[in-house]
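Below is one structure; the comments refer to it alone.
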Amino acid sequence: MSKVIIQNIKSKITAFYHGETIELNERDKREINEYWKKLTNDGRPLIRGPVFTILDISNSHNELNINLSLTDYAHYMYTINNPGRLTRECMVVFTSALVETVDGYLVIGEMGSHTSTPGRLQCPGGGIDKSDIKGRIVDFEGNIVSELAEELGIEQGIDYHKVIPKYIKTGGDNNFVAIIFYVNISLTKDELQRRFEILQSSKQSEFQSLQFIEKKKCADFSKINKKPVVDYLYPLLYKVQEDASREG
């Protein structure tokens, strides 16, 4: 595990997928397959679907370029639960959203019991899938807009004021990379809560509940929270309050 670093995005970030599938050695394949059998033997409804892993990251002409390769969910699950044991770990890039309501609250979700991280608090967002790749380039904004509709019930073109890439997260438990969007919506926290409850009545979201954190006091959340959190959450909230103080 390395330190989580949250930085303001100052250059264009582009992720490419050229069609390659990652090459794993025989030991890694065996370890992953045996671990997957253990996971599925306990009755959890897990699907060994496609996952994109980072091949390399480079800076060129003020642009951050990320090259991706295809792997699967078994490789991802082994990596997060057995760090440091594979020759080639699954290192993903994902989107996350710092959603702010019109009355000044940040929105955090608690993961449901049917997910791989039940009870964990994190921002809305998700991994990259094949539908997010346009040509050979990842559509990060399209991904986060879809995730917000699925997880919170926010409607594109109706509930948004702003959707902008704000921060990049590196380091942390598995050195995953997150593109963190700032999303300002036209709903109050109570209106969003009602929207979420309507969503929950019609389908199962990844989140089982929402928490609302007052933006101007968001760095204090770590002092009162008793639930498990994703690795980037506290550093992100500190960064948000630091930036707000600097902007005056």
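Please note that chains go A, B, ... in the order of the structure tokens, that every chain numbers its residues from 1, and that ligands are numbered from 1 in the order shown.
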
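Near Val240 in chain A, within 9 Å and counting only C-alpha atoms, sit Lys215, Lys216, Cys218, Ala219, Pro235, Leu236, Leu237, Tyr238, Glu242, Asp243, Ala244 and Ser245 of chain A, not including residues fewer than 2 positions from it in the same chain.
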
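Counting only C-alpha atoms, Gly127 in chain A has the following residues at most 9 Å away, ignoring those fewer than 2 positions along the same chain: A:Val51, A:Phe52, A:Val92, A:Val93, A:Phe94, A:Thr95, A:Ser96, A:Gly125, A:Asp129, A:Asn143.
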
Could the residues in this selection be written to a file with N, CA, C and O atoms, as a tab-separated table (two decimals), in the first residue's frame?
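Listed below is the output, result32.tsv:
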chain	number	residue	atom	x	y	z
A	51	VAL	N	-12.59	-6.84	-17.39
A	51	VAL	CA	-12.07	-5.70	-16.63
A	51	VAL	C	-10.87	-5.15	-17.38
A	51	VAL	O	-10.07	-5.93	-17.93
A	52	PHE	N	-10.73	-3.84	-17.40
A	52	PHE	CA	-9.57	-3.22	-18.05
A	52	PHE	C	-8.50	-2.89	-17.03
A	52	PHE	O	-8.79	-2.32	-15.98
A	92	VAL	N	-6.52	-0.91	-12.07
A	92	VAL	CA	-7.60	-0.34	-12.88
A	92	VAL	C	-7.62	1.17	-12.80
A	92	VAL	O	-7.07	1.79	-11.88
A	93	VAL	N	-8.28	1.77	-13.79
A	93	VAL	CA	-8.63	3.18	-13.75
A	93	VAL	C	-10.16	3.24	-13.68
A	93	VAL	O	-10.84	2.48	-14.36
A	94	PHE	N	-10.66	4.10	-12.82
A	94	PHE	CA	-12.11	4.18	-12.66
A	94	PHE	C	-12.52	5.64	-12.50
A	94	PHE	O	-11.67	6.52	-12.33
A	95	THR	N	-13.82	5.87	-12.59
A	95	THR	CA	-14.32	7.22	-12.38
A	95	THR	C	-14.97	7.31	-11.00
A	95	THR	O	-15.43	6.32	-10.44
A	96	SER	N	-14.99	8.51	-10.49
A	96	SER	CA	-15.64	8.79	-9.22
A	96	SER	C	-16.22	10.19	-9.33
A	96	SER	O	-15.75	11.00	-10.13
A	125	GLY	N	-19.60	6.24	-8.64
A	125	GLY	CA	-18.66	6.05	-9.75
A	125	GLY	C	-18.51	4.58	-10.05
A	125	GLY	O	-19.20	3.73	-9.49
A	129	ASP	N	-16.08	-0.09	-18.71
A	129	ASP	CA	-16.44	-1.29	-19.45
A	129	ASP	C	-16.41	-1.00	-20.95
A	129	ASP	O	-16.13	0.13	-21.38
A	143	ASN	N	-19.05	7.66	-18.87
A	143	ASN	CA	-19.08	6.64	-17.83
A	143	ASN	C	-19.67	7.19	-16.54
A	143	ASN	O	-20.55	6.57	-15.94

**Prompt:** CA of Asn65 in chain A and CA of Ala15 in chain A are how many Å apart?
**Reply:**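 Separating CA of Asn65 in chain A from CA of Ala15 in chain A is a distance of 5.8 Å.
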
**Atom-to-atom span, CA of Leu98 in chain A and CA of Ile180 in chain A, Å** =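 Answer for the CA of Leu98 in chain A to CA of Ile180 in chain A separation: 6.8 Å.
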
**Item:** Exercise: range 23-36 of chain A partners within 8 Å, only C-alpha atoms, chain neighbours under 2 positions left out, as a ChimeraX atom specification
**Value:** /A:21,38-40,74-75,78,86-88

Please produce an output containing N, CA, C and O atoms for each residue in the selection, written as a PDB file, in the first residue's frame.
ATOM      1  N   THR A  21      -5.221  -8.262 -24.911  1.00  0.00           N
ATOM      2  CA  THR A  21      -5.561  -8.975 -23.678  1.00  0.00           C
ATOM      3  C   THR A  21      -4.266  -9.208 -22.914  1.00  0.00           C
ATOM      4  O   THR A  21      -3.249  -9.580 -23.500  1.00  0.00           O
ATOM      5  N   LYS A  38     -12.797 -20.535  -4.917  1.00  0.00           N
ATOM      6  CA  LYS A  38     -13.147 -20.335  -3.508  1.00  0.00           C
ATOM      7  C   LYS A  38     -14.213 -19.256  -3.358  1.00  0.00           C
ATOM      8  O   LYS A  38     -15.139 -19.382  -2.555  1.00  0.00           O
ATOM      9  N   LEU A  39     -14.095 -18.180  -4.132  1.00  0.00           N
ATOM     10  CA  LEU A  39     -15.070 -17.089  -4.047  1.00  0.00           C
ATOM     11  C   LEU A  39     -16.461 -17.545  -4.454  1.00  0.00           C
ATOM     12  O   LEU A  39     -17.455 -17.203  -3.812  1.00  0.00           O
ATOM     13  N   THR A  40     -16.540 -18.297  -5.525  1.00  0.00           N
ATOM     14  CA  THR A  40     -17.847 -18.699  -6.055  1.00  0.00           C
ATOM     15  C   THR A  40     -18.438 -19.889  -5.309  1.00  0.00           C
ATOM     16  O   THR A  40     -19.649 -20.106  -5.379  1.00  0.00           O
ATOM     17  N   ALA A  74     -11.939 -11.917 -12.059  1.00  0.00           N
ATOM     18  CA  ALA A  74     -11.202 -12.801 -11.156  1.00  0.00           C
ATOM     19  C   ALA A  74      -9.814 -12.229 -10.860  1.00  0.00           C
ATOM     20  O   ALA A  74      -9.342 -12.261  -9.719  1.00  0.00           O
ATOM     21  N   HIS A  75      -9.166 -11.727 -11.887  1.00  0.00           N
ATOM     22  CA  HIS A  75      -7.856 -11.090 -11.731  1.00  0.00           C
ATOM     23  C   HIS A  75      -7.967  -9.873 -10.815  1.00  0.00           C
ATOM     24  O   HIS A  75      -7.141  -9.669  -9.918  1.00  0.00           O
ATOM     25  N   TYR A  78      -8.648 -11.024  -7.119  1.00  0.00           N
ATOM     26  CA  TYR A  78      -7.438 -11.577  -6.501  1.00  0.00           C
ATOM     27  C   TYR A  78      -6.503 -10.437  -6.092  1.00  0.00           C
ATOM     28  O   TYR A  78      -5.938 -10.432  -4.990  1.00  0.00           O
ATOM     29  N   LEU A  86       0.943 -11.382  -7.026  1.00  0.00           N
ATOM     30  CA  LEU A  86       0.990 -11.695  -8.454  1.00  0.00           C
ATOM     31  C   LEU A  86       2.152 -10.970  -9.123  1.00  0.00           C
ATOM     32  O   LEU A  86       2.551  -9.885  -8.713  1.00  0.00           O
ATOM     33  N   THR A  87       2.657 -11.592 -10.177  1.00  0.00           N
ATOM     34  CA  THR A  87       3.690 -10.944 -10.975  1.00  0.00           C
ATOM     35  C   THR A  87       3.115  -9.720 -11.691  1.00  0.00           C
ATOM     36  O   THR A  87       3.745  -8.666 -11.771  1.00  0.00           O
ATOM     37  N   ARG A  88       1.885  -9.866 -12.219  1.00  0.00           N
ATOM     38  CA  ARG A  88       1.199  -8.750 -12.879  1.00  0.00           C
ATOM     39  C   ARG A  88      -0.161  -8.564 -12.231  1.00  0.00           C
ATOM     40  O   ARG A  88      -1.096  -9.340 -12.476  1.00  0.00           O
TER      41      ARG A  88
END

**Close residues, Ser60 in chain A itself excluded, 12 Å, only C-alpha atoms, min 4 positions apart in chain, as a count of residues only** = 7

**Counting only C-alpha atoms, the residue of A:Leu187, A:Ser131, A:Tyr105, A:Lys166 that sits nearest Lys217 in chain A** = A:Tyr105

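Between CA of His18 in chain A and CA of Pro165 in chain A the interatomic distance comes to 23.6 Å.
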